[in-house]
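Student: Next comes the structure file entry03.cif, holding mmCIF, C-alpha atoms.
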```
data_model
loop_
_atom_site.label_atom_id
_atom_site.label_comp_id
_atom_site.auth_asym_id
_atom_site.auth_seq_id
_atom_site.Cartn_x
_atom_site.Cartn_y
_atom_site.Cartn_z
CA MET A 1380 -5.22 -15.54 17.38
CA THR A 1381 -3.51 -16.24 14.05
CA CYS A 1382 -3.86 -15.34 10.40
CA ASN A 1383 -4.51 -18.86 9.17
CA THR A 1384 -7.41 -17.65 7.04
CA GLN A 1385 -5.09 -15.19 5.27
CA PRO A 1386 -1.77 -17.03 4.84
CA LYS A 1387 -0.39 -14.48 2.34
CA TYR A 1388 -1.45 -11.41 4.31
CA ARG A 1389 1.17 -8.82 5.15
CA PRO A 1390 0.80 -5.31 6.59
CA ARG A 1391 1.01 -2.46 4.10
CA ARG A 1392 0.37 0.45 6.46
CA SER A 1393 3.10 2.61 4.94
CA ALA A 1394 4.57 2.61 1.42
CA LEU A 1395 7.62 4.84 1.08
CA TYR A 1396 8.52 6.13 -2.39
CA VAL A 1397 12.31 6.21 -2.84
CA PRO A 1398 13.73 8.01 -5.93
CA ALA A 1399 16.01 5.47 -7.60
CA HIS A 1400 18.55 8.02 -8.86
CA HIS A 1401 19.67 8.94 -5.32
CA GLN A 1402 22.00 6.37 -3.82
CA HIS A 1403 21.81 8.06 -0.42
CA TYR A 1404 18.03 7.67 -0.28
CA ILE A 1405 18.22 3.99 -1.24
CA GLU A 1406 20.84 3.30 1.41
CA LYS A 1407 18.87 5.22 4.04
CA SER A 1408 15.72 3.23 3.31
CA ARG A 1409 17.43 0.05 4.56
CA ASP A 1410 16.96 1.25 8.13
CA LEU A 1411 13.51 2.82 7.85
CA LYS A 1412 10.39 1.26 9.33
CA SER A 1413 8.18 1.23 6.25
CA ASP A 1414 6.04 -1.81 5.50
CA VAL A 1415 6.60 -1.26 1.76
CA ILE A 1416 9.48 0.43 -0.04
CA ILE A 1417 8.67 1.53 -3.59
CA PHE A 1418 11.90 2.15 -5.48
CA ASP A 1419 10.73 4.66 -8.06
CA LEU A 1420 12.09 4.70 -11.60
CA GLN A 1421 9.15 6.72 -12.88
CA GLU A 1422 7.70 10.00 -11.63
CA SER A 1423 10.44 11.15 -9.25
CA VAL A 1424 13.28 10.52 -11.74
CA PRO A 1425 13.94 13.18 -14.43
CA PRO A 1426 14.25 11.91 -18.03
CA ALA A 1427 17.96 12.71 -18.21
CA ARG A 1428 18.65 10.36 -15.29
CA LYS A 1429 16.40 7.41 -16.15
CA GLU A 1430 19.16 5.08 -17.31
CA GLN A 1431 21.46 6.07 -14.44
CA ALA A 1432 18.65 5.39 -11.96
CA ARG A 1433 18.00 1.95 -13.45
CA GLN A 1434 21.68 0.98 -13.28
CA LEU A 1435 22.04 2.29 -9.73
CA LEU A 1436 18.95 0.42 -8.55
CA VAL A 1437 20.12 -2.88 -10.01
CA GLN A 1438 23.45 -2.40 -8.26
CA GLN A 1439 21.87 -1.47 -4.91
CA LEU A 1440 19.32 -4.29 -4.95
CA SER A 1441 22.06 -6.88 -5.35
CA ASP A 1442 22.26 -6.43 -1.57
CA TYR A 1443 18.67 -7.23 -0.72
CA ASP A 1444 18.75 -6.54 3.04
CA PHE A 1445 15.94 -4.05 3.61
CA GLY A 1446 14.63 -5.54 6.84
CA TYR A 1447 11.01 -6.63 6.88
CA SER A 1448 9.98 -4.16 4.14
CA GLU A 1449 8.24 -5.43 1.02
CA LYS A 1450 10.50 -4.44 -1.89
CA ILE A 1451 8.62 -3.04 -4.90
CA VAL A 1452 9.97 -1.32 -8.03
CA ARG A 1453 7.81 1.20 -9.88
CA VAL A 1454 8.78 1.09 -13.54
CA ASN A 1455 8.06 3.65 -16.22
CA ARG A 1456 5.02 3.23 -18.45
CA LEU A 1457 5.70 0.49 -20.96
CA ASP A 1458 4.77 2.82 -23.83
CA SER A 1459 7.49 5.24 -22.70
CA PRO A 1460 11.11 5.12 -23.95
CA TRP A 1461 12.22 3.47 -20.68
CA GLY A 1462 9.51 1.07 -19.49
CA LYS A 1463 10.46 -2.13 -21.29
CA GLU A 1464 14.14 -1.68 -20.42
CA ASP A 1465 13.12 -1.18 -16.79
CA ILE A 1466 11.27 -4.51 -16.84
CA ALA A 1467 14.19 -6.32 -18.48
CA ALA A 1468 16.59 -4.96 -15.86
CA ILE A 1469 14.58 -5.64 -12.69
CA ALA A 1470 12.58 -8.81 -13.49
CA ALA A 1471 15.23 -11.16 -12.13
CA LEU A 1472 16.17 -9.08 -9.08
CA ASN A 1473 15.47 -10.28 -5.55
CA ILE A 1474 12.40 -8.08 -5.08
CA ASP A 1475 8.82 -8.81 -4.09
CA GLY A 1476 6.93 -7.13 -6.89
CA VAL A 1477 6.47 -4.47 -9.55
CA LEU A 1478 4.26 -1.38 -9.49
CA PHE A 1479 2.87 -0.45 -12.90
CA PRO A 1480 1.93 3.25 -13.25
CA ASP A 1481 -1.29 4.70 -14.65
CA ILE A 1482 -3.21 1.47 -15.24
CA GLU A 1483 -6.49 2.16 -17.04
CA SER A 1484 -7.73 -1.25 -18.21
CA GLU A 1485 -7.43 -4.96 -17.61
CA GLU A 1486 -5.92 -5.34 -21.09
CA GLN A 1487 -3.15 -2.87 -20.27
CA LEU A 1488 -2.38 -4.69 -17.02
CA ALA A 1489 -2.38 -8.08 -18.78
CA ASN A 1490 0.05 -6.76 -21.41
CA ASN A 1491 2.37 -5.40 -18.73
CA ILE A 1492 2.34 -8.73 -16.88
CA ALA A 1493 3.04 -10.60 -20.12
CA ILE A 1494 6.15 -8.49 -20.71
CA LEU A 1495 7.21 -9.02 -17.10
CA ASN A 1496 6.80 -12.78 -17.53
CA HIS A 1497 8.74 -12.70 -20.82
CA HIS A 1498 11.73 -11.34 -18.93
CA GLY A 1499 11.55 -13.98 -16.19
CA GLY A 1500 9.39 -12.17 -13.64
CA HIS A 1501 6.79 -14.94 -13.27
CA LYS A 1502 7.17 -15.08 -9.48
CA LEU A 1503 6.81 -11.35 -8.86
CA SER A 1504 3.57 -9.93 -7.52
CA VAL A 1505 2.03 -6.89 -9.18
CA MET A 1506 0.68 -3.56 -7.93
CA ALA A 1507 -1.20 -1.02 -10.03
CA ASN A 1508 -1.33 2.76 -9.80
CA ILE A 1509 -4.86 4.09 -10.34
CA GLU A 1510 -4.49 7.78 -11.16
CA SER A 1511 -6.94 8.73 -13.89
CA PRO A 1512 -10.72 8.90 -14.39
CA LEU A 1513 -10.60 5.85 -16.69
CA GLY A 1514 -8.59 3.97 -14.08
CA VAL A 1515 -11.22 4.70 -11.45
CA LEU A 1516 -14.12 3.73 -13.72
CA ARG A 1517 -12.43 0.44 -14.66
CA CYS A 1518 -10.89 -0.32 -11.27
CA GLU A 1519 -13.33 -3.17 -10.60
CA GLN A 1520 -12.40 -4.86 -13.90
CA ILE A 1521 -8.71 -4.35 -13.18
CA CYS A 1522 -9.02 -5.86 -9.69
CA ALA A 1523 -10.97 -8.84 -11.06
CA SER A 1524 -8.56 -9.55 -13.90
CA THR A 1525 -5.72 -11.47 -12.23
CA ASP A 1526 -4.56 -13.07 -8.98
CA ARG A 1527 -1.08 -11.62 -9.60
CA LEU A 1528 -2.45 -8.21 -8.63
CA THR A 1529 -2.11 -7.79 -4.87
CA THR A 1530 -2.50 -4.04 -4.36
CA ILE A 1531 -4.00 -0.87 -5.79
CA VAL A 1532 -1.93 2.28 -5.13
CA MET A 1533 -3.81 5.54 -5.62
CA GLY A 1534 -2.19 8.42 -7.49
CA THR A 1535 -4.28 11.15 -5.91
CA THR A 1536 -2.49 14.22 -7.29
CA ASP A 1537 -2.72 13.10 -10.92
CA LEU A 1538 -6.30 11.99 -10.36
CA ALA A 1539 -7.32 15.32 -8.84
CA ASN A 1540 -5.64 17.18 -11.69
CA SER A 1541 -7.45 15.09 -14.32
CA LEU A 1542 -10.76 15.67 -12.52
CA ARG A 1543 -10.04 19.42 -12.26
CA ILE A 1544 -10.46 19.27 -8.50
CA ASN A 1545 -8.94 21.85 -6.17
CA MET A 1546 -7.32 19.82 -3.41
CA THR A 1547 -8.39 20.75 0.12
CA LEU A 1548 -7.26 19.36 3.46
CA ASP A 1549 -10.38 17.20 3.76
CA ARG A 1550 -10.08 16.08 0.09
CA GLN A 1551 -13.84 16.46 -0.24
CA GLY A 1552 -13.73 16.45 -4.02
CA LEU A 1553 -11.88 13.13 -4.18
CA LEU A 1554 -13.79 11.08 -1.60
CA THR A 1555 -16.29 9.56 -4.04
CA TYR A 1556 -13.56 8.38 -6.40
CA LEU A 1557 -11.38 7.01 -3.60
CA SER A 1558 -14.35 5.09 -2.22
CA MET A 1559 -15.10 3.63 -5.65
CA CYS A 1560 -11.60 2.17 -5.78
CA ILE A 1561 -11.77 0.90 -2.20
CA LEU A 1562 -15.02 -0.86 -3.07
CA SER A 1563 -13.45 -2.46 -6.14
CA ALA A 1564 -10.41 -3.61 -4.19
CA ARG A 1565 -12.48 -5.12 -1.38
CA ALA A 1566 -14.81 -6.88 -3.85
CA HIS A 1567 -11.81 -8.82 -5.16
CA ASN A 1568 -9.73 -9.15 -1.97
CA LYS A 1569 -7.01 -6.70 -2.97
CA ALA A 1570 -5.10 -4.36 -0.69
CA ILE A 1571 -5.37 -0.65 -1.43
CA ILE A 1572 -3.00 2.17 -0.49
CA ASP A 1573 -3.92 5.85 -0.38
CA GLY A 1574 -1.89 8.53 -2.14
CA PRO A 1575 0.68 10.58 -0.21
CA HIS A 1576 0.31 13.76 1.81
CA PHE A 1577 2.62 16.41 0.33
CA ASN A 1578 2.91 19.07 3.05
CA LEU A 1579 5.96 17.90 5.00
CA LYS A 1580 5.96 20.77 7.52
CA ASP A 1581 2.35 20.57 8.74
CA ALA A 1582 2.35 17.74 11.28
CA MET A 1583 -1.33 18.12 12.14
CA ALA A 1584 -2.36 17.93 8.48
CA CYS A 1585 -0.10 14.88 8.05
CA GLU A 1586 -1.77 13.10 10.95
CA PHE A 1587 -5.27 14.07 9.76
CA SER A 1588 -4.55 12.71 6.29
CA CYS A 1589 -3.32 9.39 7.70
CA ARG A 1590 -6.34 8.94 9.95
CA GLN A 1591 -8.70 9.88 7.14
CA ALA A 1592 -7.11 7.15 5.01
CA ARG A 1593 -7.70 4.65 7.81
CA ASP A 1594 -11.31 5.70 8.31
CA LEU A 1595 -12.03 5.52 4.58
CA GLY A 1596 -10.90 1.90 4.62
CA PHE A 1597 -7.42 2.01 3.11
CA ASP A 1598 -4.86 -0.60 4.20
CA GLY A 1599 -2.11 1.98 4.14
CA LYS A 1600 -0.85 5.28 2.81
CA ALA A 1601 1.95 6.24 0.47
CA VAL A 1602 4.76 8.24 2.05
CA ILE A 1603 7.12 10.65 0.27
CA HIS A 1604 9.48 11.38 3.17
CA PRO A 1605 10.63 9.34 6.20
CA VAL A 1606 9.37 12.01 8.61
CA GLN A 1607 5.82 10.91 7.74
CA LEU A 1608 6.30 7.28 8.82
CA THR A 1609 5.40 7.79 12.47
CA TYR A 1610 1.91 9.12 11.81
CA THR A 1611 1.26 6.72 8.98
CA ASN A 1612 2.22 3.58 10.88
CA ASP A 1613 0.53 4.75 14.06
CA ALA A 1614 -2.77 5.65 12.39
CA LEU A 1615 -3.03 2.23 10.74
CA THR A 1616 -1.87 0.09 13.68
CA PRO A 1617 -4.57 -1.32 16.01
CA LYS A 1618 -4.43 0.12 19.52
CA ALA A 1619 -4.73 -1.71 22.84
CA GLU A 1620 -8.42 -0.83 23.13
CA ASP A 1621 -9.02 -2.24 19.62
CA ILE A 1622 -7.40 -5.53 20.57
CA LYS A 1623 -9.39 -5.77 23.81
CA LYS A 1624 -12.63 -5.10 21.95
CA ALA A 1625 -11.73 -7.67 19.30
CA LYS A 1626 -10.93 -10.35 21.87
CA ASP A 1627 -14.13 -9.62 23.79
CA ILE A 1628 -16.14 -10.04 20.58
CA ILE A 1629 -14.50 -13.37 19.73
CA THR A 1630 -14.99 -14.68 23.26
CA ALA A 1631 -18.64 -13.59 23.31
CA MET A 1632 -19.32 -15.16 19.91
CA GLU A 1633 -17.69 -18.43 20.93
CA LEU A 1634 -19.87 -18.55 24.04
CA ALA A 1635 -23.00 -17.71 22.02
CA GLN A 1636 -22.27 -20.51 19.56
CA GLN A 1637 -21.81 -22.97 22.40
CA GLN A 1638 -25.29 -21.96 23.58
CA GLY A 1639 -26.77 -22.44 20.12
CA GLN A 1640 -27.04 -18.70 19.41
CA SER A 1641 -25.86 -16.88 16.26
CA VAL A 1642 -25.45 -13.49 17.93
CA ALA A 1643 -24.00 -12.23 21.22
CA VAL A 1644 -24.49 -9.18 23.44
CA ILE A 1645 -21.70 -7.05 24.92
CA ASP A 1646 -22.60 -4.05 27.09
CA ASP A 1647 -26.15 -4.07 25.72
CA ARG A 1648 -24.88 -4.02 22.13
CA LEU A 1649 -25.87 -6.76 19.70
CA ILE A 1650 -22.83 -8.49 18.17
CA GLU A 1651 -23.41 -10.09 14.77
CA PRO A 1652 -21.10 -12.64 13.06
CA CYS A 1653 -19.67 -9.98 10.72
CA LEU A 1654 -18.13 -8.24 13.74
CA GLU A 1655 -16.24 -11.43 14.51
CA GLN A 1656 -14.67 -11.11 11.07
CA TRP A 1657 -13.65 -7.54 11.96
CA ALA A 1658 -12.18 -8.77 15.24
CA ASN A 1659 -10.13 -11.50 13.55
CA ARG A 1660 -8.84 -9.03 10.98
CA VAL A 1661 -7.73 -6.53 13.65
CA ILE A 1662 -5.95 -9.23 15.64
CA CYS A 1663 -4.35 -10.60 12.47
CA LEU A 1664 -2.91 -7.17 11.63
CA TYR A 1665 -1.72 -6.64 15.19
CA ASN A 1666 -0.01 -10.05 15.27
CA LYS A 1667 1.71 -9.47 11.94
CA VAL A 1668 2.97 -6.08 13.06
CA SER A 1669 4.12 -7.53 16.38
CA GLU A 1670 6.15 -10.18 14.54
CA MET A 1671 8.28 -7.33 13.16
CA GLY A 1672 9.29 -6.34 16.69
CA GLN A 1673 7.64 -3.58 18.71
CA ASP A 1674 10.70 -1.36 18.32
CA GLU A 1675 10.27 -1.52 14.52
CA LEU A 1676 6.74 -0.20 14.30
CA PHE A 1677 7.45 3.48 13.98
CA GLY A 1678 9.88 5.84 12.31
CA LYS A 1679 10.95 9.33 13.35
CA PRO A 1680 8.23 11.90 14.04
CA CYS A 1681 7.23 14.72 11.67
#
```
What's the structure tokens form of this structure?
Tutor:
Amino acid sequence: MTCNTQPKYRPRRSALYVPAHHQHYIEKSRDLKSDVIIFDLQESVPPARKEQARQLLVQQLSDYDFGYSEKIVRVNRLDSPWGKEDIAAIAALNIDGVLFPDIESEEQLANNIAILNHHGGHKLSVMANIESPLGVLRCEQICASTDRLTTIVMGTTDLANSLRINMTLDRQGLLTYLSMCILSARAHNKAIIDGPHFNLKDAMACEFSCRQARDLGFDGKAVIHPVQLTYTNDALTPKAEDIKKAKDIITAMELAQQQGQSVAVIDDRLIEPCLEQWANRVICLYNKVSEMGQDELFGKPC
């Protein structure tokens, strides 16, 4: 089973935010098993250290060995005092893409990409933080606006604050808005990553949050500390029983097609063609993860 139908597909089960003003954290991230590393120049960096963080990140990324991780830089808003200088500094680095914060319209995203291109970043992919009510309402337009956009990254804390929602463990108040963004992303074949879980000491809540993200339909979940990587990667990695079920579905559908049938039956359950798509997707993810090496799937436990 291969991913020939999705040649550009890559796993994004975990996306670790790394504050760019801490050299130790950047160095440590080289050995962590995160599908995506987001080097953050924005929210986690205090204003007094913005320029220092930018200079340090450029220096550190001159050595681009971060294993299999997708290397993304989150810049400051382009209408801030630092955003355009961030773009100018990182556009030519050996990274995979740029994460633009607080995107609220297709016009804003297009303007950000134009500035990125102006500084030589034509080959970089783009991710967008959706973290406001306007961002949620316009997420479908944003996802439809450009092929450069690969991934939506939810900013759940800022979104909840703007919506005046009291955050609970089950995130009941946010589920509608998260699902709206998932729907928009899927309608335009974009990946989508859930916001992070902030309680680092509650392992059970960490695991619940990761599995909820999976069951809602997210491709992955943002991570704010390496101790969260185990649950995040595990929750979003297909298990042996998933692979067996997927292979059984594909085999049954192939046999049904040979017999001139459009559906199959497994254990008295009707299998429609759409389930074959699910099966191929599960096997594709499993194969991509396996290519990384089984010993690289997980980090250290919470």
Student: So what does the PyMOL selection byres ((chain A and resi 1555-1560) around 8) actually pick up in this one, as a ChimeraX atom specification?
Tutor: /A:1515,1518-1519,1533,1552-1554,1561-1564,1595
Student: My list of candidates is A:Ala1489, A:Thr1630, A:Thr1536, A:Glu1483. Which is closest to Leu1513 of chain A when distances are computed with all atoms listed in the file?
Tutor: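 Under the stated criterion, the closest residue is A:Glu1483.
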Student: Hey, which of A:Leu1649, A:Cys1522, A:Ala1631, A:Leu1503 ends up closest to Glu1485 of chain A? Count only C-alpha atoms.
Tutor: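 The shortest atom-to-atom distance to Glu1485 of chain A comes from A:Cys1522.
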Student: Considering all atoms listed in the file, state which residue in the set A:Gln1438, A:His1401, A:Ile1451, A:Pro1617 is at the smallest distance from Lys1667 of chain A.
Tutor: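 Of A:Gln1438, A:His1401, A:Ile1451, A:Pro1617, the one nearest Lys1667 of chain A is A:Pro1617, counting all atoms listed in the file.
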Student: Since I can't run it myself right now, could you work out what the PyMOL selection byres ((chain A and resi 1601) around 6) selects here and report it as a list of chain:residue names?
Tutor: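 Selection result, ordered by chain and number: A:Ser1393, A:Ala1394, A:Leu1395, A:Asp1573, A:Gly1574, A:Pro1575, A:Lys1600, A:Val1602.
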Student: Could you check which of A:Lys1502, A:Ala1467, A:Arg1456, A:Ile1571 is closest to Leu1488 of chain A, using all atoms listed in the file?
Tutor: A:Arg1456
Student: Work out how far atom CA of His1576 of chain A is from atom CA of Tyr1443 of chain A, in Å to one decimal.
Tutor: 28.0 Å
Student: Considering only C-alpha atoms, return as a PyMOL selection string whatever protein or nucleic-acid residues lie within 6 Å of segment 1470-1482 of chain A, sequence-local ones (same chain, fewer than 3 positions apart) excluded.
Tutor: chain A and resi 1450-1453+1466-1467+1499-1500+1503-1510
Student: To one decimal place in Å, what is the distance between atom CA of Cys1589 of chain A and atom CA of Leu1615 of chain A?
Tutor: 7.8 Å
Student: Going by the chain IDs and residue numbers used in this file, which residues fall under the PyMOL selection byres ((chain A and resi 1657) around 12)? Write them as number ranges by chain.
Tutor: A: 1617, 1621-1622, 1624-1626, 1628-1629, 1650-1656, 1658-1664
Student: Have a look at atom CA of Ile1603 of chain A and atom CA of Asn1545 of chain A and let me know their distance in Å, one decimal.
Tutor: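 Pair atom CA of Ile1603 of chain A / atom CA of Asn1545 of chain A returns 20.6 Å.
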Student: Determine the nearest neighbour of Pro1426 of chain A from the options A:Thr1529, A:Asn1455, A:Ser1669, A:Gln1591, counting all atoms listed in the file.
Tutor: A:Asn1455
Student: How big is the axis-aligned box, and where does its centre sit, when it encloses all atoms of segment 1627-1632 of chain A listed in the file and has 3 Å added on every side, reported in Å to one decimal as lines of an AutoDock Vina configuration file?
Tutor:
```
center_x = -16.7
center_y = -12.4
center_z = 21.8
size_x = 11.2
size_y = 11.5
size_z = 10.1
```
